[in-house]
$ cat input-v1.txt   # compact mmCIF, C-alpha atoms
# COMPACT_ATOMS: atom_id res chain seq x y z
CA MET A 1 0.47 9.23 21.38
CA LEU A 2 1.40 5.84 22.76
CA VAL A 3 -0.30 2.87 21.11
CA LYS A 4 -0.73 -0.59 22.62
CA GLN A 5 -2.26 -3.24 20.39
CA LEU A 6 -3.88 -6.32 21.95
CA THR A 7 -5.60 -9.15 20.06
CA VAL A 8 -8.60 -10.05 22.19
CA GLY A 9 -11.69 -12.22 22.39
CA MET A 10 -13.03 -15.20 20.49
CA MET A 11 -13.10 -13.22 17.23
CA GLY A 12 -9.50 -11.98 17.41
CA VAL A 13 -10.35 -8.28 17.58
CA CYS A 14 -7.48 -5.82 17.55
CA CYS A 15 -8.09 -3.65 20.59
CA TYR A 16 -6.04 -0.50 21.05
CA ILE A 17 -5.15 1.36 24.20
CA VAL A 18 -4.03 4.83 23.16
CA SER A 19 -2.66 7.24 25.72
CA CYS A 20 -1.13 10.64 26.25
CA GLU A 21 2.40 10.14 27.48
CA LYS A 22 2.37 13.38 29.47
CA THR A 23 -1.01 13.23 31.22
CA LYS A 24 -1.53 9.42 31.37
CA LYS A 25 -5.08 9.86 30.08
CA ALA A 26 -6.18 7.11 27.73
CA ALA A 27 -8.88 5.75 25.44
CA ILE A 28 -9.65 2.12 24.67
CA ILE A 29 -10.66 1.38 21.09
CA ASP A 30 -12.83 -1.71 20.48
CA PRO A 31 -12.57 -3.78 23.67
CA GLY A 32 -13.73 -7.06 22.16
CA GLY A 33 -13.00 -9.39 25.07
CA ASP A 34 -10.16 -10.32 27.45
CA GLU A 35 -11.10 -7.39 29.65
CA ASP A 36 -8.65 -8.46 32.38
CA ARG A 37 -5.72 -8.08 29.99
CA ILE A 38 -6.92 -4.66 28.90
CA LEU A 39 -7.46 -3.45 32.45
CA ASP A 40 -4.18 -4.93 33.67
CA TYR A 41 -2.29 -2.96 31.03
CA CYS A 42 -4.06 0.25 32.04
CA THR A 43 -3.42 -0.35 35.74
CA SER A 44 0.23 -1.30 35.33
CA ASN A 45 0.83 1.85 33.28
CA GLN A 46 -1.19 4.07 35.63
CA LEU A 47 -3.56 5.14 32.87
CA GLN A 48 -6.78 7.05 33.44
CA VAL A 49 -9.25 5.71 30.88
CA MET A 50 -11.48 8.53 29.69
CA TYR A 51 -13.23 6.92 26.73
CA ILE A 52 -14.22 3.58 25.25
CA ILE A 53 -14.42 4.23 21.51
CA ASN A 54 -16.13 1.80 19.17
CA THR A 55 -15.20 1.97 15.49
CA HIS A 56 -18.56 0.28 14.87
CA GLY A 57 -21.30 -1.51 16.76
CA HIS A 58 -20.79 -5.17 15.89
CA PRO A 59 -20.86 -7.36 19.04
CA ASP A 60 -17.29 -8.58 18.69
CA HIS A 61 -16.07 -4.97 19.00
CA VAL A 62 -18.35 -3.81 21.82
CA CYS A 63 -18.77 -6.88 24.05
CA GLY A 64 -16.20 -5.59 26.56
CA ASN A 65 -17.76 -2.14 26.88
CA GLY A 66 -19.82 -2.91 29.97
CA ARG A 67 -17.09 -4.40 32.10
CA ILE A 68 -14.51 -1.83 31.05
CA GLN A 69 -16.93 1.01 31.80
CA LYS A 70 -17.80 -0.45 35.20
CA ALA A 71 -14.11 -0.71 36.10
CA THR A 72 -13.02 2.69 34.82
CA GLY A 73 -16.05 4.98 34.59
CA ALA A 74 -15.10 5.77 30.99
CA GLN A 75 -17.65 7.15 28.55
CA ILE A 76 -18.70 5.01 25.58
CA VAL A 77 -18.29 6.72 22.20
CA MET A 78 -19.92 5.69 18.91
CA HIS A 79 -21.04 7.31 15.68
CA ALA A 80 -24.65 8.47 15.70
CA ALA A 81 -25.70 6.12 12.89
CA ASP A 82 -24.43 2.98 14.63
CA ALA A 83 -25.70 4.06 18.05
CA ALA A 84 -29.20 4.24 16.54
CA TYR A 85 -28.86 1.21 14.26
CA PHE A 86 -27.68 -1.23 16.90
CA ASN A 87 -30.35 -0.03 19.33
CA ASP A 88 -33.06 -1.25 16.93
CA PRO A 89 -34.79 -4.31 18.47
CA GLN A 90 -34.70 -6.28 15.21
CA ILE A 91 -30.99 -5.66 14.80
CA LYS A 92 -30.38 -6.61 18.42
CA ASP A 93 -32.21 -9.89 17.85
CA TYR A 94 -30.18 -10.63 14.71
CA PHE A 95 -26.82 -10.23 16.42
CA SER A 96 -27.82 -11.75 19.78
CA SER A 97 -27.24 -15.21 18.31
CA LEU A 98 -23.50 -14.58 18.52
CA GLY A 99 -23.76 -14.90 22.30
CA MET A 100 -21.72 -11.79 23.12
CA ASP A 101 -22.62 -9.12 25.64
CA GLU A 102 -24.42 -6.04 24.40
CA SER A 103 -22.94 -2.61 24.96
CA PRO A 104 -24.45 -0.34 27.59
CA PRO A 105 -26.01 2.85 26.22
CA VAL A 106 -23.68 5.15 24.31
CA ASP A 107 -22.63 8.25 26.26
CA VAL A 108 -21.03 10.34 23.52
CA ILE A 109 -22.40 10.51 19.98
CA VAL A 110 -19.90 11.59 17.32
CA GLN A 111 -20.12 12.68 13.72
CA ASP A 112 -17.59 13.05 10.91
CA GLY A 113 -14.91 15.59 11.77
CA ASP A 114 -15.45 15.52 15.52
CA VAL A 115 -12.35 15.45 17.70
CA ILE A 116 -11.97 13.27 20.78
CA THR A 117 -9.42 14.77 23.15
CA VAL A 118 -7.31 12.39 25.24
CA GLY A 119 -5.01 14.43 27.43
CA GLU A 120 -2.89 16.45 25.01
CA GLU A 121 -3.65 14.07 22.11
CA GLN A 122 -6.56 14.25 19.68
CA LEU A 123 -8.36 11.62 17.65
CA GLN A 124 -10.22 12.92 14.61
CA VAL A 125 -13.36 11.02 13.64
CA LEU A 126 -13.44 9.94 9.97
CA PHE A 127 -16.87 8.70 8.91
CA THR A 128 -16.35 5.52 6.90
CA PRO A 129 -19.70 3.73 6.50
CA GLY A 130 -20.11 0.49 4.61
CA HIS A 131 -19.16 -2.29 7.00
CA THR A 132 -21.88 -0.78 9.20
CA PRO A 133 -24.00 2.36 8.73
CA GLY A 134 -21.95 4.31 11.25
CA GLY A 135 -18.45 2.92 10.91
CA ILE A 136 -15.63 5.29 11.78
CA CYS A 137 -11.86 5.45 11.66
CA LEU A 138 -9.79 7.46 14.13
CA TYR A 139 -6.89 9.61 12.96
CA ASN A 140 -4.02 10.92 15.03
CA PRO A 141 -1.09 11.54 12.66
CA PRO A 142 0.73 9.32 11.86
CA HIS A 143 -1.78 6.76 13.20
CA CYS A 144 -5.12 5.70 11.75
CA PHE A 145 -7.27 3.11 13.52
CA THR A 146 -9.34 1.66 10.72
CA GLY A 147 -11.65 -0.80 12.50
CA ASP A 148 -13.23 -3.24 10.07
CA THR A 149 -13.15 -0.80 7.17
CA LEU A 150 -9.58 -1.48 6.06
CA PHE A 151 -7.43 -4.48 6.89
CA VAL A 152 -3.93 -5.40 5.80
CA GLY A 153 -4.45 -6.62 2.26
CA ALA A 154 -8.22 -6.69 2.57
CA VAL A 155 -11.34 -4.69 3.39
CA GLY A 156 -14.29 -5.31 5.68
CA ARG A 157 -17.19 -7.53 4.72
CA THR A 158 -20.48 -5.93 3.77
CA ASP A 159 -22.88 -8.88 3.79
CA PHE A 160 -24.20 -8.23 7.31
CA PRO A 161 -27.41 -6.19 7.68
CA GLY A 162 -26.62 -2.51 7.15
CA GLY A 163 -23.55 -3.20 5.01
CA SER A 164 -22.81 -1.52 1.68
CA MET A 165 -19.80 -2.22 -0.51
CA GLU A 166 -20.49 0.93 -2.51
CA GLN A 167 -20.40 3.10 0.60
CA MET A 168 -17.31 1.41 1.97
CA SER A 169 -15.37 1.63 -1.27
CA ASP A 170 -16.18 5.32 -1.53
CA ALA A 171 -15.19 5.93 2.09
CA ILE A 172 -11.85 4.16 1.68
CA ARG A 173 -11.09 6.03 -1.52
CA THR A 174 -12.05 9.49 -0.25
CA ARG A 175 -11.26 9.33 3.47
CA LEU A 176 -8.38 6.88 3.88
CA LEU A 177 -6.37 6.72 0.68
CA THR A 178 -6.14 10.51 0.76
CA LEU A 179 -4.16 10.38 4.02
CA PRO A 180 -0.35 10.67 3.84
CA GLU A 181 1.29 7.51 2.51
CA ASP A 182 3.31 7.02 5.71
CA THR A 183 0.17 6.90 7.87
CA PHE A 184 0.14 3.73 9.97
CA VAL A 185 -2.88 1.50 9.41
CA TRP A 186 -4.02 -0.19 12.63
CA PRO A 187 -6.78 -2.65 11.59
CA GLY A 188 -9.71 -4.08 13.53
CA HIS A 189 -8.52 -7.68 12.93
CA GLY A 190 -5.13 -9.06 12.02
CA TYR A 191 -6.30 -11.21 9.12
CA GLY A 192 -3.50 -10.19 6.77
CA GLY A 193 -1.18 -8.65 9.34
CA LEU A 194 -1.31 -6.44 12.39
CA GLN A 195 -0.02 -3.22 10.87
CA SER A 196 0.49 -1.55 7.50
CA THR A 197 0.63 1.90 5.95
CA ILE A 198 -1.73 3.77 3.68
CA GLY A 199 0.94 3.82 0.96
CA ARG A 200 1.44 0.08 1.13
CA GLU A 201 -2.29 -0.63 1.02
CA ALA A 202 -2.81 1.74 -1.92
CA LYS A 203 -0.15 -0.15 -3.88
CA THR A 204 -0.72 -3.77 -2.83
CA ASN A 205 -4.25 -4.25 -1.48
CA PRO A 206 -6.02 -6.36 -4.16
CA TYR A 207 -9.37 -4.69 -3.44
CA PHE A 208 -8.06 -1.41 -4.87
$ encode --input "input-v1.txt" --output "structure tokens"
Amino acid sequence: MLVKQLTVGMMGVCCYIVSCEKTKKAAIIDPGGDEDRILDYCTSNQLQVMYIINTHGHPDHVCGNGRIQKATGAQIVMHAADAAYFNDPQIKDYFSSLGMDESPPVDVIVQDGDVITVGEEQLQVLFTPGHTPGGICLYNPPHCFTGDTLFVGAVGRTDFPGGSMEQMSDAIRTRLLTLPEDTFVWPGHGYGGLQSTIGREAKTNPYF
């Protein structure tokens, strides 16, 4: 799997364009702005975007969904819990103050253990709630796209509505730290760095 990392939008989201080298089929993970840059990369590399995958439903990670979908016809993918949670009118009102575009309706609902096929590559859905009720990570050995669950030297915040430190700590311990030590960690923001490994985080992340 080929991985392109772009830091996008006003919130500095790490967006990933992952693609199958053989078939040129691709998925975009968390298009949080700068849609022209994302689309230009896909066009210049002749990629066919099949999916827009959101690791969670916060506006900074989904605000590019609409424009990317309109340009590519890709299906929007989100965990069932976040698809329902962020469709709640009260939750929509809470996050609308950030002034970012809402996501169009989700096309593909996923659960823990589901596999998203991108050409000859596969992304396994790891359910990692806590930052949001339906947060997920995406695993394609040796890559793990951790969204806002695990950063380099930090973890996601849990003080937004729907957050739970207890859930997130349990998810990191049971779903992420059990992955091979050489697994690449690709975080949802570059607060402490743009890349790490599970082994490094297990040894040095102060939250553990």
$ closest_residue --input "input-v1.txt" --among "A:Val108, A:Leu98, A:Ile38, A:Val8" --to "Thr72 (chain A)" --atoms "only C-alpha atoms"
A:Ile38
$ closest_residue --input "input-v1.txt" --among "A:Arg157, A:His79, A:Lys25, A:Arg67" --to "Gly113 (chain A)" --atoms "only C-alpha atoms"
A:His79
$ atom_distance --input "input-v1.txt" --atom1 "CA of Ala84 (chain A)" --atom2 "CA of Ile53 (chain A)"
15.6 Å
$ residues_around --input "input-v1.txt" --residues "Glu21 (chain A)" --least-positions-apart "5" --cutoff "10 Å" --atoms "all atoms listed in the file" --output "list of chain:residue names"
A:Met1, A:Leu2, A:Ala26, A:Leu47, A:Gly119, A:Glu120, A:Glu121
$ closest_residue --input "input-v1.txt" --among "A:Tyr85, A:Ile136, A:Ala80, A:Ser196" --to "Gly162 (chain A)" --atoms "only C-alpha atoms"
A:Tyr85
$ closest_residue --input "input-v1.txt" --among "A:Gln167, A:Ile91, A:Ser19, A:Ser103" --to "Asn140 (chain A)" --atoms "all atoms listed in the file"
A:Ser19
$ residues_around --input "input-v1.txt" --residues "region 175-181 of chain A" --least-positions-apart "4" --cutoff "7 Å" --atoms "all atoms listed in the file" --output "MDAnalysis selection string"
chainID A and resid 126 171 197:199 202
$ residues_around --input "input-v1.txt" --residues "Glu166 (chain A)" --least-positions-apart "6" --cutoff "10 Å" --atoms "only C-alpha atoms" --output "list in words"
Pro129, Gly130 and Thr158 of chain A
$ closest_residue --input "input-v1.txt" --among "A:Thr149, A:Asn45, A:Thr132, A:Ser96" --to "Tyr207 (chain A)" --atoms "all atoms listed in the file"
A:Thr149
$ closest_residue --input "input-v1.txt" --among "A:Asp34, A:Asp82, A:Asp40, A:Asp101" --to "Thr128 (chain A)" --atoms "only C-alpha atoms"
A:Asp82
$ atom_distance --input "input-v1.txt" --atom1 "CA of Ala27 (chain A)" --atom2 "CA of Val62 (chain A)"
13.9 Å
